[in-house]
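K.L.:
Can you read through this structure? Questions will come right after.
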Amino acid sequence: MTGDPAALALDDVAVGYGDADAVLGVSFRVAPGQWLAVIGPNGAGKSTVLRAVAGVLRFRGRIEVGGRPHRNRAETARQVAYVPQLPILPIGMTTAEYVMLGRTAHLSMLRSESAADRRRVAAVLDHLDLSAMAGRPVDALSGGEAQRATLARALVQEASVLVLDEPTSALDLAHQISVLELVDRLRAAHRLAVVTAMHDLSIASRFADRLLLMADGRPVATGPAAEVLTEPVLSRYYRTPVSVMAGPDGGVLVVPLRSKGSGPAPDQPERQAASPEQHSTLEVRT
Amino acid sequence: MSLTAPRVSGVPARSVERSVERAFRLPRRSLVGSVALLAAAMLLAVSIGSSDIGFLAIVRELLDGLPGVSLDSGLTSAERSILWQWRLPRAVLGALVGSALALGGATYQGVFRNPLADPYLLGVAAGAGLGATLAIVAGADSGWGPLHPVPLAAFLGGLAAIGASSVIGFGASRSAASLLLAGVAVASFLTALQTYVLQRNTDILVEVYTWIFGRLGTFGWGEVGLLAPYVVVCSAVILSQRRQLDVLQLGDEEATALGVPVVRVRIILVAVGSLLAAAAVAVSGLIAFVGIIVPHFVRLTFGSNYRTVLPLSATGGAIFMVLADVGARNLTSGAELPIGVVTAFFGAPFFAFVMWTRRGSLR
C-alpha cells in the first residue's frame, strides 16, 4: 500500500470458519475522520469483517492501522476500539469499573489503574453525560445509557479506529439518532476513523461518508450513498424490491416494497378491532 | 504521517473525579475488618476444646511467641503442647483450606462466567476421591502428615482429573463450555470407578466416607507446611490476574478485542485454581460448598469487581472454615462432626438469608 497511511486499510482480506470462507476479497481504506458503513443482507459477512478488523478473528490478507499491520492483541486494542452488536454488561459491575476495562491494553499485567487512568475515565463519563451513573451497576442502565457506556469504554481505549457492530439495533428512534450523532461528533472532534455495520440503509446514508455493500461474503459495491443505494443494486442483493428516494440531510430513503401477493386476504382486515370482551377487561382494570 | 491517538480533553468537575475515585478505592476497611475477624475466629478456635485452658493464659502464651515479647503464660508443658501442636496448627490449617477453596471457587466462577463453577466441576473432587479410595483399599494407611499416602493419592488423583479434563476439553475446542463439559464427563467416569471400587470393598466404606466428608484432624505443622506454599504462590498468581478476570466477564470476544490473551489467561487461572483446590482437598478431604458460597457472599455484599472479590473471598473463606471447625469439634460430645456437614448445615441457611436480604442485587 502506498501514499499516506489510511487510518485503516484492508487489502484482500479473507476470513474462514472451518474450511469455508465466510468473507473473501475485502479491500477498503478509511481515512482519519471518515465514516464507512458496511451494509448488506443478513449473513453477508458484515460482522465478520468488523471482527477481523478488531483482531478477534484470524484472517488472511492484510489489515493495517495507521500504516502498520496487526502485531499483537494489546497493540491492536490500543489502535482499534470495538463494540459488538450485543455487548455483555456484567452483573454488579459499576459503570465506572466497566468503562475502566477499556484501559486494559494500556496497563501492564501487574499494575493497577493510575490516577491518570481514573481521570481519563471521569473525563469520558462527563463527556458522554454519564457522570451521574458512575457508581451505578452498568447492567441496570437504560438502553440509551448502556449504549453510551459501551461507547465510553471504547473511547478510553484512545484508539484511532472505532468499530461498531450495529450500534443502534436495540434502541428506539430517538436514541438511535442521539447515539449516531454522538458518534459523529466524536468522529469529528478526534478525527476517528469509524467503521459501522448497519442495517438501516436510510440512517447509514445520512451519517456515513461511504458505504460498502456486501453480499454472500463478497464486497459488491462501494462508494457514496447515492452510488450504492440504487434500486437495481439493492433489489438485486437484498432480493426484494425497494424504492429509493431523496431523504433529509443529503441522505436517501430506502423503502422496501411489498412483494406481489404478500398482502392480507381481502376478507381479512389487517388489524382486527378489539373484541367486546377485551373492552370489558380494560374497563374492569380501570 | 503518524497517527496520534485522540485524547479526551474535557476537564471534568472535581465531583465526577471523586465519584470515579470512590468506585476504584480498594475496600481497605473491609479488608482490615475481615483480617481482624479472622484473628478473632482463630483466637476463638484455639481457646475452645476438651482441655480447659484459660483464655487469658492462651493470649499471653501466643503473645509470648511473638518476637521481642516475653510473657509468662503459666501454662503447663502439656497445655503448651495442646496449644502449639494441636489447636493452633489446626486453626491455621482451617484458615488455609478455607482460603484456598474460596479463592479457587472465585477464580473458576470468573474464568467460566458461571456462578456455579468451582474446581470440583473439572473433576478435582472425583479424582481426589478415587485416589484416596484406592490408597485406602491398598491398605496404605501408615505414614505421617503430608507423607501419608491417602492425601498424596488424593492430590495426584485431583491433578490427574484436571489434566484429563483439560486435555479433552482444550483438544475439542478452546471454549470454556468445552472444558466444563469435559470436566463433567471425567468427573462422572471417576465417580463411577470409585463407586465400583467401594462396592467391591465394603469394609472400607466408613473410612472412605469419613475422608469424603472432610476433616481437619492434624497434629503438628506438617500439613500446614505442605499447603502453605501452594496457597501463597497460587494466591499471588490469581491476585495478579484480577483485572484479566474482570475483563473476562465481558466474554471471550470483547476480552480479546480489549487486548487480553483469553486462552492463555484461562489456562493459567484454571491450572492455578485447580492446584489450590487439589492441595486443599489432599489435607482436608472433600469440603464442598465453601468455593461457591463464600465468593457469592462477597459479591452480594461488597460488589463484583475482582479487586474486591479475590482478597475478601480469601479472608472470608478462612473465617468460615475456622468457625466451621470450631463447630465440628464442639457441637456434639464424643466424636467430631465431619466439617463438610457443618459448612453445609450452617452455611446453606446463612447464604439463603443473605440471598434473601440482598435479592435486589441478584439478576
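The chains in the C-alpha cells are called A, B, ... from first to last as shown; in each chain the residues are counted from 1, and the ligands are counted from 1 in the order shown.
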With only C-alpha atoms as the counted atoms, please give the residues lying no more than 7 Å from segment 157-168 of chain B, apart from itself and same-chain residues fewer than 5 positions off, as a ChimeraX atom specification.
P.N.:
/B:122-125,127-128,130-131,179,182-183,186,278
K.L.:
According to DSSP computed on the backbone, where in segment 211-286 of chain B is there alpha helix (DSSP H)? Give the residues as a ChimeraX atom specification.
P.N.:
/B:211-212,222-240,242-248,252-257,262-284
K.L.:
Grab the atom CA of Ser99 of chain B to atom CA of Asp325 of chain B distance for me, in Å with one decimal place.
P.N.:
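Between atom CA of Ser99 of chain B and atom CA of Asp325 of chain B the gap works out to 13.8 Å.
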K.L.:
Taking 5 positions as the minimum chain separation for residues in the same chain, which residues sit within 8 Å of Ile319 of chain B when counting only C-alpha atoms? Answer as an mmCIF file with C-alpha atoms, in the first residue's frame.
P.N.:
data_model
loop_
_atom_site.group_PDB
_atom_site.id
_atom_site.type_symbol
_atom_site.label_atom_id
_atom_site.label_comp_id
_atom_site.auth_asym_id
_atom_site.auth_seq_id
_atom_site.Cartn_x
_atom_site.Cartn_y
_atom_site.Cartn_z
ATOM 1 C CA LEU B 37 -12.422 -11.075 62.206
ATOM 2 C CA LEU B 38 -10.125 -13.887 61.084
ATOM 3 C CA ALA B 41 -12.075 -16.519 64.868
ATOM 4 C CA MET B 42 -8.653 -18.126 65.232
ATOM 5 C CA ALA B 95 -7.750 -20.859 57.509
ATOM 6 C CA GLY B 98 -10.921 -22.194 53.569
#
K.L.:
Contacts between chain B and chain A, please, where a residue of chain A counts if it comes within 8 Å (with only C-alpha atoms); show its shortest atom pair and distance in Å to one decimal, rows by chain and ascending number, as a tab-separated table.
P.N.:
residue	atom	partner	partner_atom	distance
A:Asp4	CA	B:Met1	CA	6.4
A:Pro5	CA	B:Met1	CA	6.9
A:Ala7	CA	B:Leu3	CA	7.4
A:Ala54	CA	B:Ala257	CA	5.9
A:Gly55	CA	B:Ala257	CA	6.2
A:Val56	CA	B:Ala257	CA	5.8
A:Gly66	CA	B:Leu3	CA	6.0
A:Arg73	CA	B:Gly259	CA	4.5
A:Ala74	CA	B:Gly259	CA	4.1
A:Glu75	CA	B:Gly259	CA	7.4
A:Thr76	CA	B:Gly259	CA	7.1
A:Ala77	CA	B:Leu258	CA	5.1
A:Gln79	CA	B:Ala5	CA	7.8
A:Ala81	CA	B:Ala257	CA	7.4
A:Tyr82	CA	B:Ala257	CA	6.5
A:Val83	CA	B:Glu254	CA	7.7
A:Pro84	CA	B:Glu254	CA	7.5
A:Pro87	CA	B:Leu250	CA	7.5
A:Ile88	CA	B:Leu250	CA	5.3
A:Leu89	CA	B:Leu250	CA	6.8
A:Pro90	CA	B:Gln249	CA	6.0
A:Ile91	CA	B:Arg363	CA	7.3
A:Gly92	CA	B:Ser304	CA	5.4
A:Met93	CA	B:Ser304	CA	5.9
A:Thr94	CA	B:Ala23	CA	7.5
A:Ala96	CA	B:Val20	CA	6.1
A:Glu97	CA	B:Ala23	CA	6.9
A:Leu101	CA	B:Val247	CA	6.3
A:Gly102	CA	B:Leu258	CA	6.6
A:Thr104	CA	B:Leu258	CA	6.4
A:Ala105	CA	B:Gly259	CA	5.3
A:Met109	CA	B:Ser240	CA	7.2
A:Leu110	CA	B:Ser240	CA	5.7
A:Arg118	CA	B:Val20	CA	6.5
A:Arg119	CA	B:Glu17	CA	6.1
A:Arg120	CA	B:Val8	CA	7.3
A:Val121	CA	B:Val20	CA	7.6
A:Ala122	CA	B:Glu17	CA	5.3
A:Ala123	CA	B:Pro12	CA	5.1
A:Val124	CA	B:Val8	CA	6.7
A:Asp126	CA	B:Pro12	CA	5.9
A:His127	CA	B:Gly10	CA	6.6
A:Ser131	CA	B:Val16	CA	5.9
A:Ala132	CA	B:Val16	CA	7.9
A:Ala134	CA	B:Val20	CA	6.3
A:Gly135	CA	B:Ala23	CA	6.2
A:Glu158	CA	B:Ala5	CA	5.6
A:Ala159	CA	B:Ala5	CA	5.8
A:Ser160	CA	B:Ala5	CA	5.4
A:His190	CA	B:Pro6	CA	5.1
A:Arg191	CA	B:Pro6	CA	7.3
A:Leu192	CA	B:Pro6	CA	7.4
K.L.:
At what distance in Å, to one decimal, does atom CA of Ala344 of chain B lie from atom CA of Phe155 of chain B?
P.N.:
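Computed distance, atom CA of Phe155 of chain B to atom CA of Ala344 of chain B, equals 23.0 Å.
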K.L.:
Among segment 144-258 of chain A, which residues does DSSP mark as strand (DSSP E or B) when it is run on the backbone? Keep the chain and numbering as in the structure and answer as a VMD selection string.
P.N.:
chain A and resid 161 to 165 193 to 197 210 to 215 218 to 223 242 to 246 252 to 256
K.L.:
May I have the selected residues written with N, CA and C atoms, as an mmCIF file, in the first residue's frame?
P.N.:
data_model
loop_
_atom_site.group_PDB
_atom_site.id
_atom_site.type_symbol
_atom_site.label_atom_id
_atom_site.label_comp_id
_atom_site.auth_asym_id
_atom_site.auth_seq_id
_atom_site.Cartn_x
_atom_site.Cartn_y
_atom_site.Cartn_z
ATOM 1 N N VAL A 161 -9.221 4.088 15.565
ATOM 2 C CA VAL A 161 -10.279 3.473 14.754
ATOM 3 C C VAL A 161 -11.383 2.982 15.683
ATOM 4 N N LEU A 162 -12.614 3.372 15.388
ATOM 5 C CA LEU A 162 -13.760 2.957 16.191
ATOM 6 C C LEU A 162 -14.627 2.033 15.348
ATOM 7 N N VAL A 163 -14.786 0.788 15.817
ATOM 8 C CA VAL A 163 -15.538 -0.214 15.054
ATOM 9 C C VAL A 163 -16.806 -0.563 15.834
ATOM 10 N N LEU A 164 -17.960 -0.290 15.243
ATOM 11 C CA LEU A 164 -19.228 -0.520 15.944
ATOM 12 C C LEU A 164 -20.095 -1.453 15.117
ATOM 13 N N ASP A 165 -20.490 -2.559 15.728
ATOM 14 C CA ASP A 165 -21.335 -3.521 15.024
ATOM 15 C C ASP A 165 -22.791 -3.242 15.393
ATOM 16 N N ALA A 193 -11.461 7.329 12.732
ATOM 17 C CA ALA A 193 -11.961 6.570 11.588
ATOM 18 C C ALA A 193 -13.035 5.644 12.136
ATOM 19 N N VAL A 194 -14.256 5.767 11.608
ATOM 20 C CA VAL A 194 -15.371 4.990 12.153
ATOM 21 C C VAL A 194 -15.816 3.957 11.122
ATOM 22 N N VAL A 195 -15.958 2.724 11.571
ATOM 23 C CA VAL A 195 -16.495 1.667 10.707
ATOM 24 C C VAL A 195 -17.684 1.053 11.438
ATOM 25 N N THR A 196 -18.849 1.097 10.820
ATOM 26 C CA THR A 196 -20.026 0.515 11.468
ATOM 27 C C THR A 196 -20.695 -0.471 10.527
ATOM 28 N N ALA A 197 -21.216 -1.550 11.091
ATOM 29 C CA ALA A 197 -22.140 -2.401 10.338
ATOM 30 C C ALA A 197 -23.523 -1.843 10.621
ATOM 31 N N ARG A 210 -19.049 6.919 3.257
ATOM 32 C CA ARG A 210 -19.058 5.915 2.189
ATOM 33 C C ARG A 210 -19.722 4.648 2.706
ATOM 34 N N LEU A 211 -20.242 3.886 1.764
ATOM 35 C CA LEU A 211 -20.867 2.617 2.128
ATOM 36 C C LEU A 211 -20.122 1.489 1.427
ATOM 37 N N LEU A 212 -20.076 0.347 2.098
ATOM 38 C CA LEU A 212 -19.549 -0.869 1.459
ATOM 39 C C LEU A 212 -20.671 -1.895 1.522
ATOM 40 N N LEU A 213 -21.180 -2.279 0.363
ATOM 41 C CA LEU A 213 -22.266 -3.262 0.320
ATOM 42 C C LEU A 213 -21.658 -4.649 0.169
ATOM 43 N N MET A 214 -22.040 -5.556 1.067
ATOM 44 C CA MET A 214 -21.548 -6.934 0.967
ATOM 45 C C MET A 214 -22.711 -7.878 0.725
ATOM 46 N N ALA A 215 -22.426 -8.939 -0.007
ATOM 47 C CA ALA A 215 -23.432 -9.988 -0.221
ATOM 48 C C ALA A 215 -22.703 -11.309 -0.346
ATOM 49 N N ARG A 218 -18.876 -11.372 -0.045
ATOM 50 C CA ARG A 218 -18.036 -10.623 -1.003
ATOM 51 C C ARG A 218 -18.451 -9.158 -1.017
ATOM 52 N N PRO A 219 -17.507 -8.242 -1.195
ATOM 53 C CA PRO A 219 -17.897 -6.852 -1.407
ATOM 54 C C PRO A 219 -18.466 -6.705 -2.818
ATOM 55 N N VAL A 220 -19.629 -6.075 -2.942
ATOM 56 C CA VAL A 220 -20.239 -5.975 -4.278
ATOM 57 C C VAL A 220 -20.387 -4.539 -4.756
ATOM 58 N N ALA A 221 -20.350 -3.575 -3.856
ATOM 59 C CA ALA A 221 -20.420 -2.172 -4.291
ATOM 60 C C ALA A 221 -19.843 -1.303 -3.191
ATOM 61 N N THR A 222 -19.176 -0.244 -3.574
ATOM 62 C CA THR A 222 -18.651 0.681 -2.568
ATOM 63 C C THR A 222 -18.671 2.093 -3.144
ATOM 64 N N GLY A 223 -18.836 3.058 -2.262
ATOM 65 C CA GLY A 223 -18.865 4.452 -2.701
ATOM 66 C C GLY A 223 -19.822 5.269 -1.860
ATOM 67 N N VAL A 242 -37.212 -2.602 -3.820
ATOM 68 C CA VAL A 242 -37.133 -1.427 -2.938
ATOM 69 C C VAL A 242 -37.382 -0.175 -3.755
ATOM 70 N N SER A 243 -37.763 0.862 -3.047
ATOM 71 C CA SER A 243 -37.899 2.167 -3.680
ATOM 72 C C SER A 243 -36.911 3.105 -2.995
ATOM 73 N N VAL A 244 -36.140 3.837 -3.760
ATOM 74 C CA VAL A 244 -35.141 4.750 -3.191
ATOM 75 C C VAL A 244 -35.527 6.170 -3.583
ATOM 76 N N MET A 245 -35.562 7.070 -2.616
ATOM 77 C CA MET A 245 -35.896 8.468 -2.912
ATOM 78 C C MET A 245 -35.012 9.381 -2.073
ATOM 79 N N ALA A 246 -34.985 10.640 -2.455
ATOM 80 C CA ALA A 246 -34.143 11.602 -1.744
ATOM 81 C C ALA A 246 -34.658 11.777 -0.318
ATOM 82 N N VAL A 252 -30.552 9.319 1.669
ATOM 83 C CA VAL A 252 -31.615 8.790 0.824
ATOM 84 C C VAL A 252 -32.558 7.971 1.704
ATOM 85 N N LEU A 253 -33.779 7.829 1.231
ATOM 86 C CA LEU A 253 -34.741 6.992 1.938
ATOM 87 C C LEU A 253 -34.901 5.703 1.162
ATOM 88 N N VAL A 254 -34.699 4.599 1.829
ATOM 89 C CA VAL A 254 -34.859 3.299 1.185
ATOM 90 C C VAL A 254 -36.101 2.644 1.776
ATOM 91 N N VAL A 255 -37.067 2.387 0.925
ATOM 92 C CA VAL A 255 -38.316 1.799 1.411
ATOM 93 C C VAL A 255 -38.520 0.443 0.739
ATOM 94 N N PRO A 256 -38.540 -0.640 1.499
ATOM 95 C CA PRO A 256 -38.823 -1.942 0.875
ATOM 96 C C PRO A 256 -40.274 -1.987 0.409
#
K.L.:
One decimal, in Å: what's the spacing between atom CA of Thr168 of chain A and atom CA of Leu180 of chain A?
P.N.:
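Atom CA of Thr168 of chain A sits 7.8 Å away from atom CA of Leu180 of chain A.
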K.L.:
Counting only C-alpha atoms, which residue out of B:Ile53, B:Ala280, B:Leu134, B:Val322 sits closest to Leu198 of chain B?
P.N.:
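The answer is B:Leu134, which sits nearest to Leu198 of chain B.
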